[in-house]
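Chemist: Input model14.txt, format and content: compact mmCIF, C-alpha atoms.
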# COMPACT_ATOMS: atom_id res chain seq x y z
CA MET A 1 -48.39 -6.55 -34.35
CA ASP A 2 -44.95 -8.16 -34.50
CA LEU A 3 -42.47 -5.74 -36.09
CA SER A 4 -41.25 -8.18 -38.74
CA ASN A 5 -44.84 -8.87 -39.84
CA CYS A 6 -45.66 -5.15 -39.87
CA ILE A 7 -42.66 -4.31 -42.03
CA ALA A 8 -43.42 -7.25 -44.33
CA LYS A 9 -46.96 -5.95 -44.87
CA ASP A 10 -45.62 -2.44 -45.43
CA LEU A 11 -43.09 -3.54 -48.06
CA LEU A 12 -45.65 -5.67 -49.88
CA SER A 13 -48.25 -2.89 -49.85
CA ILE A 14 -45.95 -0.48 -51.72
CA ARG A 15 -44.42 -3.24 -53.85
CA ALA A 16 -40.97 -2.64 -52.47
CA VAL A 17 -40.79 -6.44 -52.30
CA PHE A 18 -42.80 -7.92 -55.15
CA PHE A 19 -43.24 -11.65 -55.76
CA ARG A 20 -43.78 -13.02 -59.27
CA PRO A 21 -43.07 -16.78 -59.14
CA ASP A 22 -44.73 -17.50 -62.49
CA GLU A 23 -43.01 -14.64 -64.36
CA PRO A 24 -39.49 -14.43 -62.88
CA PHE A 25 -37.36 -11.32 -62.89
CA THR A 26 -33.79 -11.46 -64.18
CA TRP A 27 -31.09 -10.19 -61.84
CA ALA A 28 -27.96 -8.47 -63.15
CA SER A 29 -26.11 -11.75 -62.54
CA GLY A 30 -28.47 -13.50 -64.95
CA ILE A 31 -30.21 -15.49 -62.20
CA GLN A 32 -33.95 -15.93 -62.67
CA SER A 33 -35.66 -14.74 -59.50
CA PRO A 34 -39.28 -14.89 -58.31
CA VAL A 35 -38.78 -11.77 -56.20
CA TYR A 36 -37.92 -8.15 -56.91
CA CYS A 37 -36.75 -5.84 -54.11
CA ASP A 38 -36.61 -2.05 -54.22
CA ASN A 39 -36.56 -0.72 -50.69
CA ARG A 40 -35.89 2.79 -52.01
CA LEU A 41 -39.66 2.96 -52.47
CA THR A 42 -39.99 3.22 -48.69
CA LEU A 43 -38.63 6.75 -48.96
CA THR A 44 -41.61 7.88 -51.05
CA ALA A 45 -44.20 6.31 -48.72
CA PRO A 46 -44.20 8.47 -45.55
CA GLU A 47 -46.12 6.08 -43.27
CA VAL A 48 -44.00 3.09 -44.29
CA ARG A 49 -40.87 5.20 -44.06
CA THR A 50 -41.74 6.12 -40.48
CA HIS A 51 -42.22 2.45 -39.55
CA VAL A 52 -38.89 1.55 -41.17
CA GLU A 53 -36.80 4.32 -39.62
CA GLU A 54 -38.30 3.92 -36.15
CA GLY A 55 -37.80 0.17 -36.48
CA LEU A 56 -34.14 0.56 -37.43
CA ALA A 57 -33.63 2.93 -34.51
CA ALA A 58 -35.22 0.35 -32.18
CA LEU A 59 -32.88 -2.38 -33.46
CA ILE A 60 -29.86 -0.17 -32.88
CA ARG A 61 -30.96 0.74 -29.35
CA GLU A 62 -31.56 -2.93 -28.53
CA TYR A 63 -28.47 -4.54 -30.06
CA TYR A 64 -25.89 -1.75 -30.29
CA PRO A 65 -26.49 0.67 -27.39
CA GLU A 66 -22.84 1.77 -27.43
CA VAL A 67 -23.01 3.10 -31.01
CA GLU A 68 -21.34 6.46 -31.65
CA VAL A 69 -21.69 6.86 -35.44
CA LEU A 70 -23.99 5.50 -38.14
CA MET A 71 -22.58 4.75 -41.59
CA GLY A 72 -24.84 4.17 -44.57
CA THR A 73 -24.01 2.00 -47.55
CA SER A 74 -23.83 3.77 -50.89
CA THR A 75 -26.30 4.56 -52.16
CA ALA A 76 -29.35 2.77 -50.77
CA GLY A 77 -28.40 3.03 -47.11
CA ILE A 78 -27.51 6.72 -47.06
CA ALA A 79 -31.00 8.17 -46.60
CA HIS A 80 -31.91 5.61 -43.95
CA ALA A 81 -28.71 6.30 -42.00
CA ALA A 82 -29.43 10.03 -42.16
CA ILE A 83 -33.02 9.73 -40.95
CA VAL A 84 -32.20 7.24 -38.19
CA GLY A 85 -29.23 9.36 -37.16
CA HIS A 86 -31.59 12.33 -36.83
CA LEU A 87 -34.07 10.30 -34.76
CA MET A 88 -31.30 9.10 -32.44
CA GLY A 89 -29.27 12.30 -32.29
CA LEU A 90 -26.24 10.52 -33.75
CA PRO A 91 -23.68 11.63 -36.33
CA MET A 92 -23.80 9.80 -39.65
CA GLY A 93 -21.78 9.39 -42.81
CA TYR A 94 -21.56 6.94 -45.63
CA VAL A 95 -19.07 4.77 -47.46
CA ARG A 96 -18.63 5.14 -51.21
CA SER A 97 -18.28 2.10 -53.45
CA GLY A 98 -14.84 3.46 -54.35
CA ALA A 99 -12.62 6.41 -53.42
CA LYS A 100 -13.24 9.70 -55.21
CA ASP A 101 -10.76 10.57 -57.96
CA HIS A 102 -10.65 14.25 -56.97
CA GLY A 103 -10.53 16.52 -53.92
CA ARG A 104 -9.54 14.64 -50.78
CA ARG A 105 -10.16 11.29 -52.52
CA ASN A 106 -12.44 10.17 -49.72
CA GLN A 107 -14.16 6.82 -49.65
CA ILE A 108 -15.67 7.50 -46.23
CA GLU A 109 -17.79 10.65 -46.20
CA GLY A 110 -18.40 12.31 -42.85
CA ARG A 111 -16.19 12.52 -39.78
CA LEU A 112 -14.93 9.21 -38.44
CA GLU A 113 -12.29 8.97 -35.75
CA PRO A 114 -10.20 5.81 -35.20
CA GLY A 115 -11.73 3.66 -32.47
CA GLN A 116 -15.26 5.01 -32.84
CA LYS A 117 -18.07 2.48 -32.52
CA VAL A 118 -20.00 2.26 -35.77
CA VAL A 119 -23.22 0.62 -36.94
CA VAL A 120 -23.68 0.14 -40.68
CA VAL A 121 -27.14 0.87 -42.11
CA GLU A 122 -28.08 -1.18 -45.20
CA ASP A 123 -31.35 -1.58 -47.11
CA LEU A 124 -31.15 -5.29 -47.97
CA ILE A 125 -28.71 -8.18 -47.70
CA SER A 126 -28.54 -11.06 -50.17
CA THR A 127 -25.08 -12.57 -50.59
CA GLY A 128 -23.51 -10.07 -48.19
CA GLY A 129 -20.77 -8.89 -50.54
CA SER A 130 -21.65 -5.20 -50.65
CA VAL A 131 -22.10 -4.67 -46.94
CA LEU A 132 -18.88 -6.55 -46.14
CA GLU A 133 -16.95 -4.24 -48.46
CA VAL A 134 -18.26 -1.32 -46.39
CA VAL A 135 -17.35 -3.03 -43.13
CA ASN A 136 -13.81 -3.70 -44.40
CA VAL A 137 -13.31 -0.06 -45.41
CA LEU A 138 -14.47 1.10 -41.98
CA ARG A 139 -12.26 -1.41 -40.18
CA GLU A 140 -9.25 -0.34 -42.24
CA ALA A 141 -9.96 3.25 -41.16
CA GLY A 142 -9.76 2.13 -37.53
CA ALA A 143 -13.47 2.01 -36.71
CA GLN A 144 -14.91 -0.55 -34.34
CA VAL A 145 -17.82 -1.95 -36.36
CA LEU A 146 -20.42 -3.20 -33.88
CA GLY A 147 -22.65 -4.65 -36.59
CA VAL A 148 -25.23 -4.00 -39.28
CA VAL A 149 -28.93 -3.16 -39.33
CA SER A 150 -30.97 -3.64 -42.49
CA ILE A 151 -34.56 -3.47 -43.66
CA PHE A 152 -34.68 -6.90 -45.28
CA THR A 153 -32.50 -9.98 -45.58
CA TYR A 154 -32.89 -12.99 -47.84
CA GLY A 155 -31.16 -15.35 -45.42
CA MET A 156 -29.20 -16.92 -48.29
CA GLN A 157 -26.59 -19.36 -47.05
CA LYS A 158 -23.81 -17.61 -48.95
CA GLY A 159 -24.61 -14.37 -47.19
CA LEU A 160 -24.91 -16.00 -43.77
CA THR A 161 -21.57 -17.76 -44.22
CA ARG A 162 -19.78 -14.63 -45.40
CA LEU A 163 -21.07 -12.55 -42.48
CA ALA A 164 -20.12 -15.25 -39.97
CA GLU A 165 -16.62 -15.64 -41.40
CA ALA A 166 -16.09 -11.88 -41.21
CA ARG A 167 -17.51 -11.81 -37.66
CA VAL A 168 -20.22 -9.35 -38.67
CA GLU A 169 -23.57 -9.38 -36.88
CA ASN A 170 -26.70 -8.30 -38.76
CA HIS A 171 -30.20 -7.57 -37.51
CA SER A 172 -32.97 -7.03 -40.06
CA LEU A 173 -36.47 -5.64 -39.65
CA THR A 174 -37.88 -8.55 -41.63
CA ASN A 175 -36.72 -11.46 -43.74
CA PHE A 176 -37.55 -13.55 -46.79
CA ASP A 177 -39.40 -16.27 -44.89
CA VAL A 178 -41.68 -13.80 -43.11
CA ILE A 179 -42.43 -11.85 -46.28
CA ALA A 180 -43.21 -15.05 -48.23
CA ARG A 181 -45.62 -16.18 -45.51
CA VAL A 182 -47.31 -12.78 -45.24
CA ALA A 183 -47.55 -12.55 -49.05
CA ALA A 184 -49.50 -15.81 -49.05
CA GLU A 185 -51.71 -14.74 -46.13
CA GLU A 186 -52.48 -11.40 -47.79
CA GLY A 187 -53.24 -12.91 -51.20
CA TYR A 188 -50.23 -11.59 -53.13
CA ILE A 189 -49.24 -15.16 -53.99
CA ARG A 190 -50.83 -18.60 -53.66
CA PRO A 191 -50.08 -20.51 -50.43
CA GLU A 192 -48.53 -23.32 -52.49
CA ASP A 193 -46.00 -20.83 -53.95
CA VAL A 194 -44.27 -20.36 -50.57
CA ALA A 195 -42.33 -23.62 -50.91
CA ARG A 196 -41.12 -22.56 -54.37
CA LEU A 197 -39.91 -19.24 -53.01
CA ILE A 198 -38.04 -20.89 -50.14
CA ALA A 199 -36.47 -23.35 -52.63
CA PHE A 200 -35.19 -20.37 -54.63
CA ARG A 201 -33.80 -18.72 -51.49
CA ASN A 202 -32.05 -21.92 -50.44
CA ASN A 203 -30.32 -22.36 -53.81
CA PRO A 204 -30.73 -19.45 -56.27
CA SER A 205 -28.66 -21.19 -58.97
CA ASP A 206 -31.04 -24.18 -59.04
CA GLU A 207 -34.03 -23.20 -61.17
CA SER A 208 -36.07 -26.35 -60.45
CA TRP A 209 -38.44 -24.20 -58.37
CA LYS A 210 -39.75 -22.75 -61.65
CA GLY A 211 -41.24 -26.12 -62.58
CA ALA A 212 -42.67 -26.84 -59.15
CA LYS A 213 -46.09 -25.38 -59.78
CA ALA A 214 -48.97 -26.99 -57.96
Using structure tokens, write down the structure from this file.

Modeler:
Amino acid sequence: MDLSNCIAKDLLSIRAVFFRPDEPFTWASGIQSPVYCDNRLTLTAPEVRTHVEEGLAALIREYYPEVEVLMGTSTAGIAHAAIVGHLMGLPMGYVRSGAKDHGRRNQIEGRLEPGQKVVVVEDLISTGGSVLEVVNVLREAGAQVLGVVSIFTYGMQKGLTRLAEARVENHSLTNFDVIARVAAEEGYIRPEDVARLIAFRNNPSDESWKGAKA
């Protein structure tokens, strides 16, 4: 089975990605969303976790063979970076959302030498803001950031534009379009809901998808 389809089925089966187009969730930003993502649930599902971590390792080997260090995003990417680092025999660390106010006042945890080639491990990418903050911190510390690997990406235009402008490459195990299609095929949603979900992804601030019921 294609890896992106496999991961999509895995995430749906444990409700790490859960679609509810007729009863939208509310994001912290206030946006009404037909999808809820919690990829932390992969950590409590051993078989899915194995697929995810081996998949991330495969992406890194394929796209970033020169990697020397893995850096997880805080907090969702830390466990994945640690497990993948173990599988690949690589050192890992993570980047805090802000510098500590005590001790050595680190924002980067773990050893990182200037010039080292780094891959950032993230759980999901929507608008790209969080992962780009991590990339900027690493670049300011002198790291050579090869790119990002993530479990899931929405493919929102804002995120794609931000990553392109910052010259950051991302490779995800699966994406919004694949998960929406698989959700319809597996009976999690109606086939006619796929277009509504894609309309949301294309323009999250436009809530007309909510009235587009078949």

Chemist: What is the atom CA of A:Tyr154-atom CA of A:Asp2 distance in Å, reported with one decimal?

Modeler: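 Atom CA of A:Tyr154 sits 18.6 Å away from atom CA of A:Asp2.
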
Chemist: Could you check which of A:Ser29, A:Pro34, A:Val135, A:Met88 is closest to A:Leu59, using only C-alpha atoms?

Modeler: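 Of the candidates, the smallest distance to A:Leu59 is held by A:Met88.
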
Chemist: Calculated over all atoms listed in the file, which of the candidates A:Gly129, A:Ser97, A:Glu54, A:Leu138 has the smallest distance to A:Leu160?

Modeler: A:Gly129

Chemist: So which one's closest to A:His86, A:Val131, A:Ala57, A:Ile125, A:Ala16? Using only C-alpha atoms, please.

Modeler: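 Comparing A:Val131, A:Ala57, A:Ile125, A:Ala16 against A:His86, the winner is A:Ala57.
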
Chemist: Ranking A:Gly155, A:Gly128, A:Gly77, A:Gly115 by minimum distance to A:Phe200 and counting only C-alpha atoms, which one comes first?

Modeler: A:Gly155

Chemist: As an exercise, work out the distance from atom CA of A:Ser33 to atom CA of A:Val17 in Å and give it to one decimal place.

Modeler: 12.1 Å

Chemist: Kindly indicate which residue among A:Val48, A:Leu197, A:Val178, A:Met92 lies nearest to A:Ser13, using all atoms listed in the file for the distances.

Modeler: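 With all atoms listed in the file as the atom set, the closest residue is A:Val48.
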
Chemist: Please indicate the distance in Å from atom CA of A:Pro21 to atom CA of A:Cys6, rounded to one decimal place.

Modeler: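 Atom-to-atom, atom CA of A:Pro21 to atom CA of A:Cys6, that is 22.7 Å.
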
Chemist: Quick one: of A:Gln32, A:Ser4, A:Gln144, A:Asn203, who's nearest to A:Val69, counting all atoms listed in the file?

Modeler: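 Closest candidate: A:Gln144.
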
Chemist: Need to verify the contact set: A:Pro65, 12 Å, all atoms listed in the file, exclusion of same-chain residues closer than 6 positions in sequence. Can you return it as a PDB file with C-alpha atoms, keeping the file's coordinate frame?

Modeler:
ATOM      1  CA  ALA A  57     -33.630   2.930 -34.510  1.00  0.00           C
ATOM      2  CA  ALA A  58     -35.220   0.350 -32.180  1.00  0.00           C
ATOM      3  CA  LEU A  59     -32.880  -2.380 -33.460  1.00  0.00           C
ATOM      4  CA  MET A  88     -31.300   9.100 -32.440  1.00  0.00           C
ATOM      5  CA  LEU A  90     -26.240  10.520 -33.750  1.00  0.00           C
ATOM      6  CA  LYS A 117     -18.070   2.480 -32.520  1.00  0.00           C
ATOM      7  CA  VAL A 118     -20.000   2.260 -35.770  1.00  0.00           C
ATOM      8  CA  VAL A 119     -23.220   0.620 -36.940  1.00  0.00           C
ATOM      9  CA  LEU A 146     -20.420  -3.200 -33.880  1.00  0.00           C
ATOM     10  CA  GLY A 147     -22.650  -4.650 -36.590  1.00  0.00           C
TER      11      GLY A 147
END
